[in-house]
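Q: Got input.txt for you, compact mmCIF, C-alpha atoms:
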```txt
# COMPACT_ATOMS: atom_id res chain seq x y z
CA MET A 1 22.10 -19.87 58.33
CA GLY A 2 24.91 -20.95 60.66
CA ALA A 3 23.64 -19.13 63.75
CA GLU A 4 20.97 -21.77 64.30
CA SER A 5 23.42 -24.67 64.45
CA SER A 6 23.13 -24.98 68.22
CA ARG A 7 19.38 -25.51 68.12
CA ALA A 8 18.12 -28.94 69.05
CA ARG A 9 15.68 -28.95 66.16
CA VAL A 10 16.84 -28.45 62.62
CA LYS A 11 14.82 -26.33 60.26
CA ALA A 12 14.86 -26.96 56.52
CA LEU A 13 13.45 -25.01 53.61
CA GLY A 14 12.70 -27.01 50.48
CA LEU A 15 11.95 -26.32 46.84
CA ILE A 16 8.52 -27.89 46.51
CA SER A 17 7.00 -28.54 43.10
CA GLY A 18 4.36 -30.85 44.49
CA GLY A 19 5.69 -33.74 42.41
CA LEU A 20 6.47 -37.02 44.08
CA ASP A 21 10.19 -36.36 44.55
CA SER A 22 9.92 -33.04 46.40
CA THR A 23 6.98 -34.38 48.42
CA LEU A 24 9.05 -37.40 49.48
CA ALA A 25 12.07 -35.24 50.26
CA ALA A 26 9.96 -33.16 52.64
CA ARG A 27 8.41 -36.27 54.17
CA ILE A 28 11.79 -37.94 54.77
CA LEU A 29 12.86 -34.90 56.76
CA THR A 30 9.66 -34.40 58.77
CA GLU A 31 9.83 -38.08 59.72
CA GLN A 32 13.09 -37.50 61.53
CA GLY A 33 11.76 -34.43 63.31
CA VAL A 34 13.13 -31.73 61.03
CA GLU A 35 10.95 -28.62 60.89
CA VAL A 36 10.13 -28.13 57.23
CA GLU A 37 8.85 -25.22 55.19
CA GLY A 38 8.48 -25.12 51.43
CA VAL A 39 8.85 -22.59 48.68
CA HIS A 40 7.60 -22.73 45.12
CA PHE A 41 8.82 -20.23 42.53
CA SER A 42 6.26 -19.31 39.91
CA THR A 43 8.13 -18.44 36.71
CA GLY A 44 5.22 -18.13 34.27
CA PHE A 45 6.47 -21.05 32.13
CA CYS A 46 4.61 -23.86 33.89
CA LYS A 47 2.54 -26.16 31.66
CA VAL A 48 0.04 -26.87 34.40
CA ASP A 49 -0.59 -23.14 34.84
CA HIS A 50 -1.49 -23.03 31.16
CA ARG A 51 -4.02 -25.84 31.55
CA ARG A 52 -5.41 -23.93 34.52
CA ALA A 53 -5.67 -20.71 32.51
CA LEU A 54 -7.51 -22.46 29.65
CA GLY A 55 -10.06 -23.73 32.15
CA ARG A 56 -11.55 -26.45 29.96
CA PRO A 57 -14.73 -27.71 31.70
CA ALA A 58 -13.45 -31.32 31.65
CA ASP A 59 -10.31 -30.19 33.51
CA LEU A 60 -12.13 -27.98 36.00
CA GLU A 61 -14.27 -30.97 37.00
CA ARG A 62 -11.14 -32.84 38.08
CA PRO A 63 -9.18 -30.95 40.76
CA GLU A 64 -6.09 -33.08 40.14
CA ARG A 65 -5.90 -31.62 36.60
CA VAL A 66 -5.88 -27.99 37.66
CA ARG A 67 -4.75 -27.65 41.25
CA ASN A 68 -1.49 -26.05 42.25
CA GLU A 69 0.45 -29.14 43.28
CA ALA A 70 2.88 -27.24 45.48
CA LEU A 71 -0.02 -25.95 47.57
CA ARG A 72 -1.58 -29.43 47.51
CA ALA A 73 1.64 -30.90 48.86
CA GLY A 74 1.79 -28.23 51.56
CA ALA A 75 -1.80 -28.95 52.55
CA ASP A 76 -1.32 -32.74 52.62
CA LEU A 77 1.98 -32.60 54.49
CA ALA A 78 0.70 -29.89 56.84
CA LEU A 79 3.58 -27.58 56.10
CA PRO A 80 3.52 -24.03 54.78
CA VAL A 81 4.51 -23.69 51.13
CA GLU A 82 5.23 -20.15 50.04
CA VAL A 83 4.50 -19.41 46.37
CA VAL A 84 6.77 -16.63 45.07
CA ASP A 85 6.28 -14.80 41.77
CA VAL A 86 9.74 -14.47 40.17
CA LEU A 87 8.76 -13.91 36.54
CA GLU A 88 10.55 -10.61 35.93
CA GLU A 89 13.92 -11.57 37.41
CA TYR A 90 13.69 -15.07 35.98
CA LEU A 91 13.16 -13.81 32.45
CA GLU A 92 16.06 -11.39 32.66
CA GLU A 93 18.61 -13.47 34.57
CA VAL A 94 17.80 -17.01 33.54
CA VAL A 95 15.91 -17.12 30.24
CA LEU A 96 17.69 -14.30 28.43
CA HIS A 97 21.19 -14.65 29.84
CA PRO A 98 21.87 -18.22 30.92
CA ARG A 99 25.52 -18.72 31.87
CA HIS A 100 25.31 -22.47 31.33
CA GLY A 101 23.38 -22.42 28.06
CA TYR A 102 20.15 -23.98 26.91
CA GLY A 103 19.02 -27.56 26.62
CA SER A 104 17.22 -28.84 23.53
CA ALA A 105 14.94 -25.77 23.27
CA MET A 106 15.17 -22.61 25.37
CA ASN A 107 15.44 -24.43 28.66
CA PRO A 108 18.29 -23.13 30.82
CA CYS A 109 17.94 -25.93 33.37
CA ILE A 110 21.22 -25.44 35.27
CA ASP A 111 20.80 -21.66 35.55
CA CYS A 112 17.20 -22.24 36.59
CA ARG A 113 18.25 -24.43 39.50
CA ILE A 114 20.98 -22.00 40.55
CA PHE A 115 18.53 -19.09 40.42
CA MET A 116 15.93 -20.89 42.51
CA LEU A 117 18.45 -22.12 45.04
CA LYS A 118 19.92 -18.66 45.49
CA LYS A 119 16.41 -17.37 46.12
CA ALA A 120 15.80 -20.24 48.52
CA LYS A 121 19.05 -19.45 50.32
CA ASP A 122 17.90 -15.87 50.93
CA LEU A 123 14.50 -17.05 52.13
CA ALA A 124 16.13 -19.68 54.36
CA ARG A 125 18.21 -16.98 56.01
CA GLU A 126 15.08 -14.88 56.53
CA ARG A 127 13.19 -17.83 58.03
CA GLY A 128 16.06 -19.13 60.16
CA ALA A 129 16.41 -22.39 58.25
CA ASP A 130 19.65 -24.38 58.60
CA VAL A 131 19.36 -26.37 55.41
CA VAL A 132 17.93 -25.98 51.92
CA PHE A 133 16.67 -29.17 50.33
CA THR A 134 15.37 -30.33 46.97
CA GLY A 135 13.79 -33.48 45.56
CA GLU A 136 16.62 -33.89 43.05
CA VAL A 137 17.77 -37.43 42.27
CA VAL A 138 21.29 -38.07 41.00
CA GLY A 139 21.22 -39.10 37.35
CA GLN A 140 17.50 -38.50 36.87
CA ARG A 141 17.64 -35.64 34.35
CA PRO A 142 20.29 -35.44 31.64
CA MET A 143 21.05 -31.73 31.91
CA SER A 144 20.62 -30.65 35.51
CA GLN A 145 20.80 -33.75 37.68
CA HIS A 146 23.98 -35.55 36.72
CA HIS A 147 26.78 -35.52 39.30
CA ALA A 148 28.80 -32.65 37.77
CA ALA A 149 25.72 -30.46 37.35
CA LEU A 150 24.60 -31.03 40.93
CA SER A 151 28.04 -29.96 42.11
CA ILE A 152 28.06 -26.81 39.93
CA ILE A 153 24.58 -25.91 41.14
CA GLU A 154 25.61 -26.35 44.76
CA GLU A 155 28.74 -24.24 44.34
CA GLU A 156 27.19 -21.38 42.34
CA SER A 157 24.14 -21.10 44.53
CA GLY A 158 26.42 -20.56 47.53
CA LEU A 159 24.94 -23.54 49.35
CA ARG A 160 28.02 -25.76 49.59
CA GLY A 161 27.54 -27.84 52.71
CA THR A 162 23.98 -26.73 53.34
CA LEU A 163 22.16 -28.11 50.28
CA LEU A 164 20.54 -31.44 51.01
CA ARG A 165 19.04 -33.87 48.49
CA PRO A 166 17.29 -36.30 50.85
CA LEU A 167 16.30 -38.78 48.12
CA SER A 168 19.88 -39.29 46.88
CA ALA A 169 21.93 -38.36 49.94
CA ALA A 170 23.77 -41.71 50.01
CA HIS A 171 25.33 -40.86 46.63
CA LEU A 172 26.43 -37.35 47.61
CA PRO A 173 28.90 -35.85 50.09
CA PRO A 174 27.30 -35.22 53.50
CA THR A 175 26.01 -31.76 54.34
CA GLU A 176 27.13 -30.01 57.53
CA ALA A 177 23.90 -31.00 59.26
CA GLU A 178 24.54 -34.65 58.40
CA GLU A 179 28.18 -34.48 59.50
CA ASP A 180 27.38 -33.12 62.95
CA GLY A 181 24.42 -35.46 63.40
CA ARG A 182 21.61 -32.93 63.36
CA ILE A 183 20.22 -34.84 60.41
CA ASP A 184 20.50 -38.63 60.48
CA ARG A 185 22.17 -39.58 57.20
CA THR A 186 21.32 -43.24 57.65
CA ARG A 187 17.63 -42.38 57.33
CA LEU A 188 18.04 -40.51 54.04
CA GLY A 189 17.52 -42.05 50.59
CA ALA A 190 19.73 -43.75 48.01
CA ALA A 191 17.66 -43.16 44.87
CA HIS A 192 19.61 -42.95 41.61
CA GLY A 193 18.76 -42.65 37.93
CA ARG A 194 15.55 -42.43 35.99
CA ALA A 195 13.76 -45.49 37.37
CA ARG A 196 11.07 -44.52 39.86
CA GLY A 197 10.89 -47.79 41.81
CA VAL A 198 12.61 -46.47 44.95
CA GLN A 199 10.31 -43.42 45.07
CA ILE A 200 7.15 -45.44 44.50
CA GLU A 201 8.20 -47.78 47.31
CA MET A 202 8.87 -44.82 49.63
CA ALA A 203 5.50 -43.30 48.73
CA LYS A 204 3.79 -46.54 49.75
CA ARG A 205 5.70 -46.62 53.02
CA PHE A 206 4.71 -43.04 53.84
CA GLY A 207 1.10 -43.56 52.73
CA ILE A 208 1.43 -40.89 50.03
CA GLU A 209 -1.23 -41.79 47.50
CA GLU A 210 -1.86 -38.57 45.64
CA PHE A 211 0.86 -37.15 43.47
CA PRO A 212 0.99 -35.95 39.87
CA THR A 213 2.29 -38.42 37.30
CA PRO A 214 5.38 -37.15 35.46
CA SER A 215 4.21 -36.26 31.94
CA GLY A 216 7.31 -35.58 29.88
CA GLY A 217 8.33 -32.22 31.25
CA CYS A 218 6.41 -29.47 32.93
CA CYS A 219 8.20 -26.39 31.57
CA PHE A 220 7.33 -24.60 28.35
CA LEU A 221 10.94 -23.52 27.90
CA ALA A 222 11.76 -27.11 26.93
CA ASP A 223 9.07 -27.02 24.23
CA LYS A 224 10.63 -26.23 20.83
CA ASN A 225 7.48 -24.66 19.43
CA PHE A 226 7.09 -22.40 22.45
CA ALA A 227 10.78 -21.49 22.21
CA MET A 228 10.31 -20.31 18.60
CA ARG A 229 7.43 -18.10 19.68
CA LEU A 230 9.37 -16.70 22.61
CA ARG A 231 12.39 -15.94 20.42
CA ASP A 232 10.10 -14.19 17.94
CA LEU A 233 8.57 -12.08 20.71
CA LEU A 234 11.97 -11.17 22.10
CA SER A 235 13.14 -10.03 18.68
CA HIS A 236 10.14 -7.73 18.25
CA ARG A 237 9.58 -6.42 21.78
CA ASP A 238 11.62 -4.91 24.57
CA PRO A 239 12.12 -7.84 26.98
CA ARG A 240 11.45 -5.48 29.89
CA SER A 241 7.91 -4.97 28.61
CA ILE A 242 7.11 -8.70 28.63
CA GLY A 243 4.77 -9.72 31.43
CA ARG A 244 2.83 -12.73 32.66
CA GLU A 245 -0.05 -11.99 30.27
CA ASP A 246 2.34 -12.20 27.28
CA LEU A 247 3.47 -15.62 28.41
CA VAL A 248 -0.15 -16.74 28.72
CA LEU A 249 -0.64 -15.78 25.06
CA LEU A 250 2.57 -17.47 23.86
CA LYS A 251 1.21 -20.81 25.05
CA VAL A 252 -2.07 -20.63 23.21
CA GLY A 253 -3.25 -20.93 19.59
CA ARG A 254 -1.50 -20.54 16.23
CA HIS A 255 0.84 -17.55 15.96
CA PHE A 256 1.41 -15.45 12.84
CA ARG A 257 3.87 -12.59 12.38
CA LEU A 258 2.61 -10.08 9.80
CA ALA A 259 5.04 -7.25 10.55
CA HIS A 260 7.55 -6.15 13.18
CA ASP A 261 4.72 -4.57 15.14
CA LEU A 262 1.83 -6.78 14.07
CA LYS A 263 1.02 -10.31 15.13
CA ALA A 264 -2.10 -12.48 15.27
CA ILE A 265 -2.94 -15.45 17.47
CA LEU A 266 -5.79 -17.72 16.39
CA GLY A 267 -7.37 -20.21 18.78
CA ARG A 268 -7.18 -23.91 17.93
CA ASP A 269 -10.36 -24.83 19.78
CA GLU A 270 -13.18 -23.28 21.73
CA ALA A 271 -11.25 -23.03 25.00
CA GLU A 272 -8.35 -21.23 23.31
CA SER A 273 -10.68 -18.85 21.46
CA ARG A 274 -12.43 -18.11 24.75
CA LEU A 275 -9.12 -17.32 26.44
CA LEU A 276 -8.06 -15.09 23.53
CA LYS A 277 -11.34 -13.20 23.69
CA ARG A 278 -10.89 -12.70 27.44
CA GLU A 279 -7.31 -11.55 26.93
CA ALA A 280 -8.16 -9.08 24.14
CA ARG A 281 -8.61 -6.31 26.73
CA GLY A 282 -9.39 -3.61 24.19
CA ARG A 283 -7.22 -5.01 21.39
CA PRO A 284 -8.65 -5.90 17.96
CA THR A 285 -9.93 -9.40 17.25
CA CYS A 286 -10.95 -11.17 14.05
CA GLN A 287 -13.34 -14.02 13.37
CA VAL A 288 -15.68 -15.13 10.58
CA ALA A 289 -18.87 -13.10 10.88
CA ASP A 290 -21.14 -16.02 11.81
CA GLY A 291 -18.77 -17.07 14.63
CA HIS A 292 -18.07 -20.55 13.18
CA GLY A 293 -14.30 -20.28 13.31
CA SER A 294 -11.24 -19.52 15.40
CA LEU A 295 -11.14 -16.22 17.20
CA GLY A 296 -7.96 -14.29 16.47
CA LEU A 297 -6.36 -11.78 18.81
CA VAL A 298 -4.46 -9.04 16.98
CA GLU A 299 -1.42 -7.47 18.63
CA GLY A 300 -0.71 -4.18 16.86
CA GLU A 301 -2.60 -1.83 14.57
CA PRO A 302 -3.27 -3.39 11.15
CA GLY A 303 -3.32 -1.20 8.03
CA GLY A 304 -5.45 -1.82 4.91
CA VAL A 305 -3.58 -4.76 3.34
CA GLN A 306 -2.93 -6.25 6.75
CA VAL A 307 -6.65 -6.15 7.57
CA GLN A 308 -7.21 -8.21 4.44
CA GLU A 309 -4.45 -10.63 5.43
CA LEU A 310 -5.88 -11.06 8.94
CA ALA A 311 -9.32 -11.67 7.47
CA ALA A 312 -7.81 -14.33 5.18
CA LEU A 313 -6.31 -16.09 8.21
CA ALA A 314 -9.61 -15.98 10.11
CA ALA A 315 -11.37 -17.36 7.01
CA ARG A 316 -8.80 -20.16 6.67
CA TYR A 317 -9.34 -21.30 10.25
CA SER A 318 -13.11 -21.48 10.04
CA ARG A 319 -15.87 -23.75 8.91
CA HIS A 320 -15.87 -21.82 5.60
CA ARG A 321 -12.26 -22.55 4.61
CA ALA A 322 -13.32 -24.19 1.30
CA GLU A 323 -15.42 -21.24 0.18
CA PRO A 324 -14.04 -18.66 -2.28
CA LEU A 325 -15.00 -15.56 -0.26
CA VAL A 326 -15.77 -15.41 3.43
CA LEU A 327 -17.21 -12.57 5.49
CA VAL A 328 -14.99 -11.72 8.48
CA ARG A 329 -15.45 -9.17 11.24
CA ILE A 330 -12.30 -7.48 12.45
CA GLY A 331 -11.51 -4.68 14.88
CA ARG A 332 -12.06 -3.62 18.47
CA GLU A 333 -15.27 -4.55 20.22
CA GLY A 334 -17.97 -2.07 19.21
CA ALA A 335 -15.91 -0.69 16.30
CA GLU A 336 -15.56 -3.73 14.05
CA GLN A 337 -15.50 -3.63 10.28
CA ARG A 338 -16.64 -6.43 7.96
CA VAL A 339 -14.30 -7.64 5.28
CA ARG A 340 -14.67 -10.28 2.56
CA ALA A 341 -11.55 -12.37 2.10
CA CYS A 342 -10.32 -15.52 0.37
CA PRO A 343 -9.13 -18.09 2.94
CA ALA A 344 -5.35 -17.90 3.24
CA LYS A 345 -3.40 -20.41 1.13
CA GLU A 346 -1.02 -22.92 2.73
CA ASP A 347 2.13 -21.37 1.29
CA ARG A 348 1.19 -17.98 2.78
CA ILE A 349 0.34 -19.65 6.09
CA ARG A 350 3.83 -21.18 6.15
CA GLU A 351 5.42 -17.76 5.51
CA LEU A 352 3.56 -16.06 8.31
CA ARG A 353 3.45 -18.81 10.92
CA ILE A 354 5.70 -18.68 13.97
CA GLY A 355 6.55 -22.22 15.07
CA VAL A 356 4.86 -25.29 13.74
CA ALA A 357 1.36 -25.36 15.19
CA MET B 1 -23.65 -19.12 52.37
CA ASN B 2 -20.49 -17.91 53.96
CA GLU B 3 -19.83 -17.51 57.63
CA GLY B 4 -17.41 -15.33 59.46
CA GLY B 5 -18.97 -11.89 59.53
CA GLU B 6 -18.14 -8.87 57.46
CA PRO B 7 -14.71 -8.98 55.83
CA ALA B 8 -12.23 -6.45 57.13
CA VAL B 9 -10.42 -6.31 53.80
CA ARG B 10 -11.30 -7.09 50.20
CA VAL B 11 -8.93 -7.79 47.35
CA ASP B 12 -9.98 -7.68 43.71
CA THR B 13 -8.05 -10.13 41.53
CA ARG B 14 -10.37 -10.21 38.52
CA GLY B 15 -8.51 -10.65 35.25
CA LEU B 16 -5.63 -12.50 36.92
CA TYR B 17 -4.86 -16.18 36.62
CA CYS B 18 -3.86 -18.40 39.51
CA PRO B 19 -1.49 -18.44 41.27
CA VAL B 20 -1.54 -14.61 41.17
CA PRO B 21 -4.91 -14.26 42.99
CA ILE B 22 -3.54 -16.50 45.73
CA LEU B 23 -0.42 -14.32 46.03
CA ARG B 24 -2.50 -11.14 46.22
CA ALA B 25 -4.67 -12.72 48.91
CA ARG B 26 -1.59 -13.83 50.84
CA ASP B 27 -0.17 -10.30 50.74
CA ARG B 28 -3.39 -8.80 52.09
CA LEU B 29 -3.67 -11.46 54.80
CA ARG B 30 -0.29 -10.39 56.11
CA ASP B 31 -1.84 -7.03 57.01
CA LEU B 32 -4.69 -8.60 58.96
CA PRO B 33 -4.66 -9.61 62.64
CA PRO B 34 -5.34 -13.30 63.43
CA GLY B 35 -9.06 -13.92 63.08
CA GLY B 36 -9.50 -11.16 60.50
CA VAL B 37 -11.59 -12.02 57.44
CA LEU B 38 -10.47 -11.37 53.87
CA GLU B 39 -12.79 -11.39 50.87
CA VAL B 40 -11.21 -12.24 47.53
CA LEU B 41 -12.89 -11.37 44.26
CA SER B 42 -11.82 -13.48 41.26
CA ASP B 43 -13.00 -14.63 37.85
CA ASP B 44 -10.58 -17.56 37.58
CA PRO B 45 -12.46 -20.75 38.55
CA VAL B 46 -9.16 -22.41 39.50
CA VAL B 47 -9.14 -20.22 42.61
CA LEU B 48 -11.87 -22.51 44.00
CA THR B 49 -9.34 -25.36 43.97
CA ASP B 50 -6.26 -23.43 45.05
CA MET B 51 -7.64 -21.28 47.85
CA PRO B 52 -8.67 -24.16 50.16
CA LEU B 53 -5.24 -25.76 49.60
CA PHE B 54 -3.48 -22.49 50.34
CA CYS B 55 -5.51 -22.12 53.54
CA ARG B 56 -4.72 -25.67 54.68
CA SER B 57 -1.02 -25.18 53.93
CA HIS B 58 -0.82 -21.87 55.80
CA GLY B 59 -3.15 -22.43 58.71
CA HIS B 60 -5.96 -20.13 57.61
CA ALA B 61 -9.65 -21.06 57.65
CA TYR B 62 -11.35 -21.23 54.26
CA LEU B 63 -14.88 -19.99 54.86
CA GLY B 64 -16.36 -20.72 51.44
CA SER B 65 -17.38 -18.98 48.26
CA THR B 66 -20.29 -17.63 46.27
CA GLU B 67 -20.44 -17.45 42.46
CA GLY B 68 -22.38 -14.90 40.47
CA PRO B 69 -24.03 -15.61 37.11
CA ASP B 70 -21.28 -13.65 35.31
CA GLY B 71 -18.55 -15.97 36.62
CA GLU B 72 -17.51 -13.63 39.40
CA ILE B 73 -16.37 -15.56 42.45
CA ARG B 74 -16.22 -14.25 46.03
CA LEU B 75 -14.19 -16.23 48.52
CA ARG B 76 -13.69 -15.68 52.21
CA VAL B 77 -10.71 -16.56 54.32
CA ARG B 78 -10.20 -16.10 58.06
CA LYS B 79 -6.59 -15.51 58.98
CA GLY B 80 -5.10 -18.18 61.18
CA GLY B 81 -3.28 -17.48 64.40
CA SER B 82 -0.29 -19.76 63.91
CA GLU B 83 3.15 -18.72 62.80
CA HIS B 84 2.26 -20.14 59.40
CA GLY B 85 -0.60 -17.74 59.06
CA ARG B 86 1.46 -15.24 57.21
```
For this file, produce the structure as structure tokens.
A:
Amino acid sequence: MGAESSRARVKALGLISGGLDSTLAARILTEQGVEVEGVHFSTGFCKVDHRRALGRPADLERPERVRNEALRAGADLALPVEVVDVLEEYLEEVVLHPRHGYGSAMNPCIDCRIFMLKKAKDLARERGADVVFTGEVVGQRPMSQHHAALSIIEEESGLRGTLLRPLSAAHLPPTEAEEDGRIDRTRLGAAHGRARGVQIEMAKRFGIEEFPTPSGGCCFLADKNFAMRLRDLLSHRDPRSIGREDLVLLKVGRHFRLAHDLKAILGRDEAESRLLKREARGRPTCQVADGHGSLGLVEGEPGGVQVQELAALAARYSRHRAEPLVLVRIGREGAEQRVRACPAKEDRIRELRIGVA
Amino acid sequence: MNEGGEPAVRVDTRGLYCPVPILRARDRLRDLPPGGVLEVLSDDPVVLTDMPLFCRSHGHAYLGSTEGPDGEIRLRVRKGGSEHGR
């Protein structure tokens, strides 16, 4: 990145989520004439992506519920935001082997930031950017945005001196570009902590009206129920075989482990059942014969007793759960069998269920 | 109805959820000369929200879409000529 230091105009590459903080960080820099590009790493664990995949009609009618906010920010700020699919590397390097450990669930927040910043550093070099920036605010998040964590992240990502946090710059040592005056430090922010007042004020000043409201975390890895399902999957499958479609399924429905190589996922509502049907892709499904119940996707090849057990689950999560015997269809499309089963009892449900929902 | 003439390249992203269709479209656009038209086939309705945003962010022209009764969506994009049109 250093070769560009003699240029009159500074170029910066930022991690853009499309949230208010990264949008403001980009805007602060463009206001002082910095050329800005953005990058957004798609890991497969994003909660908004799940809402998008479910495609509930009420959500699809409201673009702000389903749009990719990083692209929206790029469009509104008139700067190119590159979306990069990093799922495979992310799963291996960050989720499975975090050097700095997990947060309250399976969220390796510090390793996640280091991973993304290393990637951003490589892209910055490729694009001739002098600086990498983020929308991080000192003290905003307990695990990854306290002073010590920000320093570790900067050091391990190899961006010491070239990593700029425009919203909190006043609380951090100056970057090289600030020290030599290419970026005016006096025009950078002094935001600190969890309160959002400074950012809301900045947004007003910049005329930024559209931004997603923070909603208690946007990453499934911080969700304890999701973490239980992911741990279960990792203990029954080769991690190298896990792809984006597996992550889509981990986020949906009720999960039941019947054997090492047999699992069922039952939808909790119509949208989830629709997604499971779409994702069956030749795999067996189960549902009460008249269709008035959850659709279950079966991963694996059930034997005789297991067919009965799956039918009992489908019967339990149906309109007929109070009936003694329920007719269930189970199998691959076009080759289904019909089975009568008693709805599964609560104690059996608890034995088979992965997670709590 | 769409404008922009016959597409030079088509990309089929059916069965994939956004953002993957956008990434596939971006990759194919890189192979096109400025002004070239790409047709994207998708069955994820979210693509109708994301594709215009992607085009605005990257300097391409979003030419519109048609939807079939089976939920199949065809979108057209004309590659921009700026440095961002990559």
Q: I need the residue nearest Ala73 of chain A from this list: B:Leu29, B:Leu38, B:Leu16, B:Leu53. Use all atoms listed in the file for the distance.
A: B:Leu53
Q: Mind checking which residues fall within 12 Å of Glu301 of chain A, counting all atoms listed in the file, ignoring those fewer than 4 positions away in the same chain, and posting them as a list in words?
A: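 Listing them by chain and then by number gives Leu258, Ala259, His260, Asp261, Leu262, Lys263, Ala264, Gly282, Arg283, Pro284, Thr285, Leu297, Val305, Gln306, Val307, Leu310, Ile330, Gly331 and Arg332 of chain A.
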Q: Find, counting all atoms listed in the file, the residue in A:Ser294, A:Ser42, A:Thr134, A:Asn225 that gets nearest to chain B.
A: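 With all atoms listed in the file as the atom set, the closest residue is A:Ser42.
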Q: Just give me the residues with any atom within 12 Å of (-2.0, -8.5, 58.0), file coordinates, counting all atoms listed in the file, written as a PyMOL selection string.
A: chain B and resi 8-9+25-38+78-81+85-86
Q: Please identify all residues of chain A having at least one atom at most 8 Å from any atom of chain B, considering all atoms listed in the file, and return them as a list of chain:residue names.
A: A:Ser42, A:Asp49, A:Arg52, A:Ala53, A:Gly55, A:Leu60, A:Pro63, A:Val66, A:Arg67, A:Asn68, A:Leu71, A:Arg72, A:Gly74, A:Ala75, A:Asp76, A:Ala78, A:Leu79, A:Pro80, A:Val81, A:Val83, A:Val84, A:Asp85
Q: Write a file of the just-selected residues containing C-alpha atoms, as a PDB file, in the frame of the given file.
A:
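Result file follows (result02.pdb):
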```
ATOM      1  CA  SER A  42       6.260 -19.310  39.910  1.00  0.00           C
ATOM      2  CA  ASP A  49      -0.590 -23.140  34.840  1.00  0.00           C
ATOM      3  CA  ARG A  52      -5.410 -23.930  34.520  1.00  0.00           C
ATOM      4  CA  ALA A  53      -5.670 -20.710  32.510  1.00  0.00           C
ATOM      5  CA  GLY A  55     -10.060 -23.730  32.150  1.00  0.00           C
ATOM      6  CA  LEU A  60     -12.130 -27.980  36.000  1.00  0.00           C
ATOM      7  CA  PRO A  63      -9.180 -30.950  40.760  1.00  0.00           C
ATOM      8  CA  VAL A  66      -5.880 -27.990  37.660  1.00  0.00           C
ATOM      9  CA  ARG A  67      -4.750 -27.650  41.250  1.00  0.00           C
ATOM     10  CA  ASN A  68      -1.490 -26.050  42.250  1.00  0.00           C
ATOM     11  CA  LEU A  71      -0.020 -25.950  47.570  1.00  0.00           C
ATOM     12  CA  ARG A  72      -1.580 -29.430  47.510  1.00  0.00           C
ATOM     13  CA  GLY A  74       1.790 -28.230  51.560  1.00  0.00           C
ATOM     14  CA  ALA A  75      -1.800 -28.950  52.550  1.00  0.00           C
ATOM     15  CA  ASP A  76      -1.320 -32.740  52.620  1.00  0.00           C
ATOM     16  CA  ALA A  78       0.700 -29.890  56.840  1.00  0.00           C
ATOM     17  CA  LEU A  79       3.580 -27.580  56.100  1.00  0.00           C
ATOM     18  CA  PRO A  80       3.520 -24.030  54.780  1.00  0.00           C
ATOM     19  CA  VAL A  81       4.510 -23.690  51.130  1.00  0.00           C
ATOM     20  CA  VAL A  83       4.500 -19.410  46.370  1.00  0.00           C
ATOM     21  CA  VAL A  84       6.770 -16.630  45.070  1.00  0.00           C
ATOM     22  CA  ASP A  85       6.280 -14.800  41.770  1.00  0.00           C
TER      23      ASP A  85
END
```
Q: I'd like the contact shell of Ser168 of chain A - 6 Å cut-off, all atoms listed in the file, skipping same-chain residues fewer than 2 positions apart - returned as number ranges by chain.
A: A: 137, 165-166, 170-171, 189-191
Q: Figure out the distance between atom CA of Ile110 of chain A and atom CA of Ala70 of chain A, please, to one decimal in Å.
A: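 Between atom CA of Ala70 of chain A and atom CA of Ile110 of chain A the gap is 21.1 Å.
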Q: Atom CA of Leu221 of chain A and atom CA of Met106 of chain A, how far apart in Å?
A: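 According to the coordinates, atom CA of Met106 of chain A and atom CA of Leu221 of chain A are separated by 5.0 Å.
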Q: Could you check which residues have any atom within 7 Å of (-8.2, -21.6, 20.2), counting all atoms listed in the file with coordinates taken straight from the file, and then list them as a list in words?
A: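 Result, sorted by chain then residue number: Val252, Gly253, Leu266, Gly267, Arg268, Asp269, Glu270, Ala271, Glu272, Ser273, Ser294 and Leu295 of chain A.
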Q: Between atom CA of Val77 of chain B and atom CA of Glu39 of chain B, what distance in Å does the model show, to one decimal?
A: 6.6 Å
Q: Rank A:Ile16, A:Leu117, A:Ala315, A:Ala124 by their smallest atom-to-atom distance to Leu77 of chain A, using only C-alpha atoms, and report the top residue only.
A: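 Among the listed residues, A:Ile16 lies closest to Leu77 of chain A.
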Q: Residues within 7 Å of Ala129 of chain A, please, as a list in words. Count only C-alpha atoms; anything in the same chain fewer than 4 positions from it doesn't count.
A: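 Near Ala129 of chain A, the qualifying residues are Met1, Lys11, Ala12, Leu13, Ala124 and Arg125 of chain A.
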